[in-house]
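Participant: Structure file upload_39.cif, mmCIF, C-alpha atoms, is pasted below:
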data_coords
loop_
_atom_site.label_atom_id
_atom_site.label_comp_id
_atom_site.auth_asym_id
_atom_site.auth_seq_id
_atom_site.Cartn_x
_atom_site.Cartn_y
_atom_site.Cartn_z
CA MET O 1 -39.98 47.13 -5.25
CA GLY O 2 -40.62 43.47 -4.21
CA LYS O 3 -39.05 42.22 -7.43
CA VAL O 4 -35.90 44.26 -6.78
CA ILE O 5 -35.54 42.85 -3.23
CA ARG O 6 -36.14 39.28 -4.48
CA ALA O 7 -33.58 39.77 -7.28
CA PHE O 8 -31.09 41.14 -4.72
CA PHE O 9 -31.50 38.06 -2.48
CA ILE O 10 -31.19 35.66 -5.41
CA LEU O 11 -28.10 37.44 -6.72
CA SER O 12 -26.46 37.68 -3.30
CA SER O 13 -27.06 33.99 -2.55
CA PHE O 14 -25.60 33.07 -5.95
CA LEU O 15 -22.51 35.18 -5.23
CA PHE O 16 -22.12 33.42 -1.87
CA ILE O 17 -22.52 29.87 -3.22
CA TYR O 18 -20.61 30.19 -6.52
CA PRO O 19 -17.10 30.52 -5.02
CA LEU O 20 -17.69 27.40 -2.91
CA VAL O 21 -18.87 25.30 -5.85
CA GLY O 22 -15.83 26.17 -7.95
CA SER O 23 -13.34 25.83 -5.15
CA ASN O 24 -11.17 22.91 -4.20
CA GLU O 25 -12.55 23.12 -0.65
CA ILE O 26 -15.57 21.04 -1.53
CA SER O 27 -13.84 18.71 -3.97
CA SER O 28 -10.97 18.04 -1.55
CA LYS O 29 -13.45 16.83 1.06
CA ILE O 30 -14.50 14.03 -1.28
CA GLU O 31 -11.68 11.55 -0.85
CA HIS O 32 -11.18 8.13 -2.35
CA PRO O 33 -10.88 5.29 0.15
CA LYS O 34 -7.26 4.71 1.15
CA THR O 35 -5.54 1.70 -0.36
CA ILE O 36 -2.60 -0.45 0.62
CA LEU O 37 -0.58 1.64 -1.85
CA ASP O 38 -1.44 4.75 0.19
CA GLU O 39 -0.03 3.05 3.30
CA VAL O 40 3.24 2.37 1.51
CA LEU O 41 3.49 5.89 0.09
CA GLU O 42 2.54 7.68 3.32
CA ASN O 43 4.31 5.58 5.96
CA PRO O 44 7.81 7.00 6.66
CA SER O 45 9.13 3.57 7.70
CA LEU O 46 8.29 2.26 4.19
CA SER O 47 9.92 5.04 2.15
CA THR O 48 12.49 2.73 0.52
CA LEU O 49 9.75 0.35 -0.60
CA ALA O 50 7.69 3.32 -1.83
CA LYS O 51 10.57 4.59 -4.00
CA ILE O 52 10.96 1.17 -5.55
CA ILE O 53 7.25 0.60 -6.15
CA VAL O 54 6.55 3.95 -7.84
CA ASN O 55 8.95 2.97 -10.61
CA THR O 56 7.27 -0.37 -11.32
CA ASP O 57 4.01 -1.84 -12.59
CA LEU O 58 3.09 -2.84 -9.03
CA VAL O 59 1.50 0.58 -8.40
CA ASP O 60 -1.61 -0.43 -10.37
CA VAL O 61 -1.87 -3.72 -8.50
CA LEU O 62 -1.60 -2.16 -5.03
CA GLU O 63 -4.18 0.54 -5.70
CA GLY O 64 -6.56 -1.89 -7.41
CA GLN O 65 -9.62 -3.56 -5.91
CA GLY O 66 -7.86 -6.50 -4.36
CA PRO O 67 -8.21 -7.94 -1.86
CA LEU O 68 -4.50 -8.42 -1.34
CA THR O 69 -2.09 -8.94 1.52
CA LEU O 70 1.20 -7.05 1.32
CA PHE O 71 4.21 -8.02 3.40
CA ALA O 72 6.01 -4.68 3.31
CA PRO O 73 9.71 -4.63 4.19
CA SER O 74 10.60 -1.69 6.41
CA ASN O 75 13.46 0.67 5.58
CA GLU O 76 15.50 -1.23 8.16
CA ALA O 77 14.79 -4.50 6.32
CA PHE O 78 16.42 -3.11 3.18
CA THR O 79 19.58 -2.26 5.14
CA LYS O 80 19.93 -5.97 5.95
CA LEU O 81 20.40 -6.86 2.26
CA PRO O 82 23.96 -7.66 1.21
CA SER O 83 25.99 -4.60 0.27
CA GLY O 84 25.14 -3.38 -3.24
CA LYS O 85 22.13 -5.71 -3.67
CA LEU O 86 19.49 -2.97 -3.61
CA GLU O 87 21.48 -0.72 -5.93
CA ASP O 88 21.86 -3.65 -8.34
CA LEU O 89 18.14 -4.47 -8.26
CA ILE O 90 17.01 -0.95 -9.11
CA LYS O 91 19.14 -0.76 -12.26
CA PRO O 92 16.97 -0.50 -15.40
CA GLY O 93 18.22 -3.86 -16.73
CA ASN O 94 17.01 -5.69 -13.62
CA LYS O 95 13.35 -4.66 -13.75
CA GLU O 96 12.09 -8.24 -14.18
CA LYS O 97 14.13 -9.47 -11.20
CA LEU O 98 12.91 -6.53 -9.10
CA MET O 99 9.27 -7.16 -10.08
CA ALA O 100 9.64 -10.84 -9.12
CA ILE O 101 10.89 -9.80 -5.67
CA LEU O 102 8.10 -7.25 -5.22
CA LYS O 103 5.40 -9.75 -6.31
CA TYR O 104 6.88 -12.24 -3.85
CA HIS O 105 5.69 -9.86 -1.09
CA VAL O 106 2.04 -9.86 -2.26
CA VAL O 107 -0.59 -12.56 -1.70
CA PHE O 108 -4.12 -12.79 -3.12
CA GLY O 109 -6.76 -12.31 -0.42
CA LYS O 110 -6.98 -10.33 2.78
CA MET O 111 -5.18 -12.58 5.27
CA THR O 112 -5.67 -12.04 9.00
CA LEU O 113 -3.06 -13.03 11.56
CA ASP O 114 -5.38 -15.77 12.82
CA GLU O 115 -5.73 -17.20 9.31
CA MET O 116 -1.96 -17.11 8.83
CA LYS O 117 -1.40 -18.88 12.15
CA LYS O 118 -3.57 -21.77 10.91
CA ASP O 119 -1.98 -21.89 7.46
CA LYS O 120 1.43 -23.30 6.58
CA GLY O 121 1.99 -21.41 3.35
CA LEU O 122 0.65 -18.74 1.04
CA MET O 123 0.82 -18.40 -2.75
CA THR O 124 2.35 -15.11 -3.90
CA LEU O 125 1.63 -13.05 -7.01
CA GLU O 126 5.06 -14.17 -8.15
CA GLY O 127 3.85 -17.78 -8.15
CA GLN O 128 5.89 -19.18 -5.28
CA HIS O 129 4.90 -20.15 -1.77
CA LEU O 130 5.73 -18.28 1.42
CA ARG O 131 6.28 -20.44 4.50
CA ILE O 132 4.47 -19.43 7.69
CA LYS O 133 5.73 -20.31 11.12
CA VAL O 134 4.39 -19.23 14.50
CA ASP O 135 6.99 -18.85 17.23
CA ASN O 136 5.72 -17.73 20.67
CA ASP O 137 2.69 -16.10 19.03
CA LYS O 138 5.00 -14.25 16.60
CA VAL O 139 4.24 -14.86 12.93
CA ILE O 140 7.29 -15.49 10.73
CA ILE O 141 6.99 -15.32 6.92
CA ASN O 142 9.92 -17.32 5.53
CA ASN O 143 12.59 -15.71 7.77
CA ALA O 144 10.92 -12.31 8.18
CA ALA O 145 9.04 -11.44 11.36
CA ILE O 146 5.89 -9.34 11.22
CA VAL O 147 6.72 -6.22 13.23
CA LYS O 148 3.51 -4.26 12.60
CA PRO O 149 0.34 -6.21 11.74
CA ASN O 150 -3.14 -5.47 10.50
CA LEU O 151 -2.91 -2.17 8.64
CA GLU O 152 -6.29 -2.73 6.97
CA TYR O 153 -7.72 -0.99 3.90
CA PRO O 154 -10.71 -1.65 1.65
CA ASN O 155 -8.47 -3.39 -0.91
CA GLY O 156 -6.34 -5.39 1.49
CA VAL O 157 -4.06 -5.49 4.49
CA VAL O 158 -0.41 -4.52 5.05
CA TYR O 159 2.00 -6.25 7.42
CA ILE O 160 5.34 -4.55 7.97
CA ILE O 161 8.15 -7.11 8.09
CA ASP O 162 11.78 -6.91 9.22
CA GLN O 163 13.44 -8.53 6.18
CA VAL O 164 13.14 -8.44 2.41
CA LEU O 165 11.72 -11.70 1.05
CA ILE O 166 13.79 -13.10 -1.82
CA PRO O 167 12.22 -15.75 -4.11
CA LYS O 168 14.18 -18.86 -5.03
#
Let me see the file written as structure tokens.
Facilitator:
Amino acid sequence: MGKVIRAFFILSSFLFIYPLVGSNEISSKIEHPKTILDEVLENPSLSTLAKIIVNTDLVDVLEGQGPLTLFAPSNEAFTKLPSGKLEDLIKPGNKEKLMAILKYHVVFGKMTLDEMKKDKGLMTLEGQHLRIKVDNDKVIINNAAIVKPNLEYPNGVVYIIDQVLIPK
């Protein structure tokens, strides 16, 4: 009789645990650390940038190890572009030009506001320099003001800016 009771307890505990092991409940609780790409994809004020990035090779860069600093133009920043400019850039034949613009928004290293205030320029992934100016404690990158700073992630930091940066 003892063997039957022991077998019952073993079987009932297996039946209780098995559905949990095979379910997505447990696996969904194991999340990867968020990246700067996640910020772009999940932030509603960056939806235009997100749409552009998902169709380029920059996805791999922004979800990589980094560290990187991304100056992310807000949706409002894209509305400040000349009429038809964005539509022209996203045409399949302009992928290289679009990638150059996107890489112009990314800098190697995790730059803090304090570091940027001491620096006069940053080298972008595109290979050109961004000018930094501090005006009444406001950090200006070329002509774009940082409107939301220090969105930090393990692979870098995101600064939302109010204009799209265009390389020379």
Participant: Could you check the closest approach to O:Glu87 for each of O:Leu46, O:Glu126, O:Gln65, O:Ile52 and tell me which residue wins, using all atoms listed in the file?
Facilitator: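 Looking only at the distances to O:Glu87, the closest residue turns out to be O:Ile52.
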Participant: Could you tell me how far atom CA of O:Leu37 sits from atom CA of O:Lys168, in Å to one decimal place?
Facilitator: 25.5 Å
Participant: Quick one: pull the distance between atom CA of O:Gly64 and atom CA of O:Ile166, Å, one decimal.
Facilitator: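 Separating atom CA of O:Gly64 from atom CA of O:Ile166 is a distance of 23.9 Å.
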Participant: For O:Ile140, work out the shell of residues within 10 Å, counting all atoms listed in the file and skipping chain neighbours fewer than 3 positions away, then give it as an NGL selection string.
Facilitator: :O and (116-117 or 130-135 or 137 or 143-147 or 161-162)
Participant: Of the candidates O:Ile141, O:Met123, O:Ile101, O:Leu113, which one gets nearest to O:Thr56 if we count all atoms listed in the file?
Facilitator: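 Closest residue, counting all atoms listed in the file: O:Ile101.
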Participant: I need the residue set behind the PyMOL selection byres ((chain O and resi 90) around 12) for this file; please write it as a ChimeraX atom specification.
Facilitator: /O:48-49,51-56,84-89,91-99,101-102
Participant: Choose the residue, out of O:Gly121, O:Leu58, O:Pro33, O:Pro73, that has the smallest atom-to-atom separation from O:Ser45; count all atoms listed in the file.
Facilitator: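 Under the stated criterion, the closest residue is O:Pro73.
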Participant: Centre and edge lengths, as lines of an AutoDock Vina configuration file, for the axis-aligned box enclosing every listed atom of stretch 92-95 of chain O with 3 Å of padding on each of the six sides, in Å to one decimal?
Facilitator:
center_x = 15.8
center_y = -3.1
center_z = -15.2
size_x = 10.9
size_y = 11.2
size_z = 9.1
Participant: (-1.0, 3.9, -3.1) in this file's frame - what residues fall within 10 Å of it? Use all atoms listed in the file and give the answer as a ChimeraX atom specification.
Facilitator: /O:34-42,50,53-54,58-64
Participant: Which polymer residues, whether protein, DNA or RNA, lie within 7 Å of the coordinate (3.9, -11.8, 0.6) when you count all atoms listed in the file? List them as number ranges by chain, using the chain letters and numbers from the file.
Facilitator: O: 69-71, 104-107, 124, 130
Participant: Find, counting only C-alpha atoms, the residue in O:Val139, O:Leu68, O:Leu81, O:Leu125 that gets nearest to O:Asn155.
Facilitator: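 Result for the nearest residue to O:Asn155: O:Leu68.
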Participant: Please evaluate the PyMOL selection byres ((chain O and resi 151) around 10) against the displayed coordinates and give the resulting residues as a tab-separated table (two decimals) with C-alpha atoms, keeping the file's coordinate frame.
Facilitator:
chain	number	residue	atom	x	y	z
O	36	ILE	CA	-2.60	-0.45	0.62
O	39	GLU	CA	-0.03	3.05	3.30
O	69	THR	CA	-2.09	-8.94	1.52
O	70	LEU	CA	1.20	-7.05	1.32
O	148	LYS	CA	3.51	-4.26	12.60
O	149	PRO	CA	0.34	-6.21	11.74
O	150	ASN	CA	-3.14	-5.47	10.50
O	152	GLU	CA	-6.29	-2.73	6.97
O	153	TYR	CA	-7.72	-0.99	3.90
O	156	GLY	CA	-6.34	-5.39	1.49
O	157	VAL	CA	-4.06	-5.49	4.49
O	158	VAL	CA	-0.41	-4.52	5.05
O	159	TYR	CA	2.00	-6.25	7.42
O	160	ILE	CA	5.34	-4.55	7.97
Participant: In Å to one decimal, how far is atom CA of O:Glu115 from atom CA of O:Ala100?
Facilitator: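 Going from atom CA of O:Ala100 over to atom CA of O:Glu115 covers 24.8 Å.
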Participant: When distances are computed from all atoms listed in the file, which of O:Lys110, O:His129, O:Lys138, O:His32 shows the smallest separation from O:Pro67?
Facilitator: O:Lys110
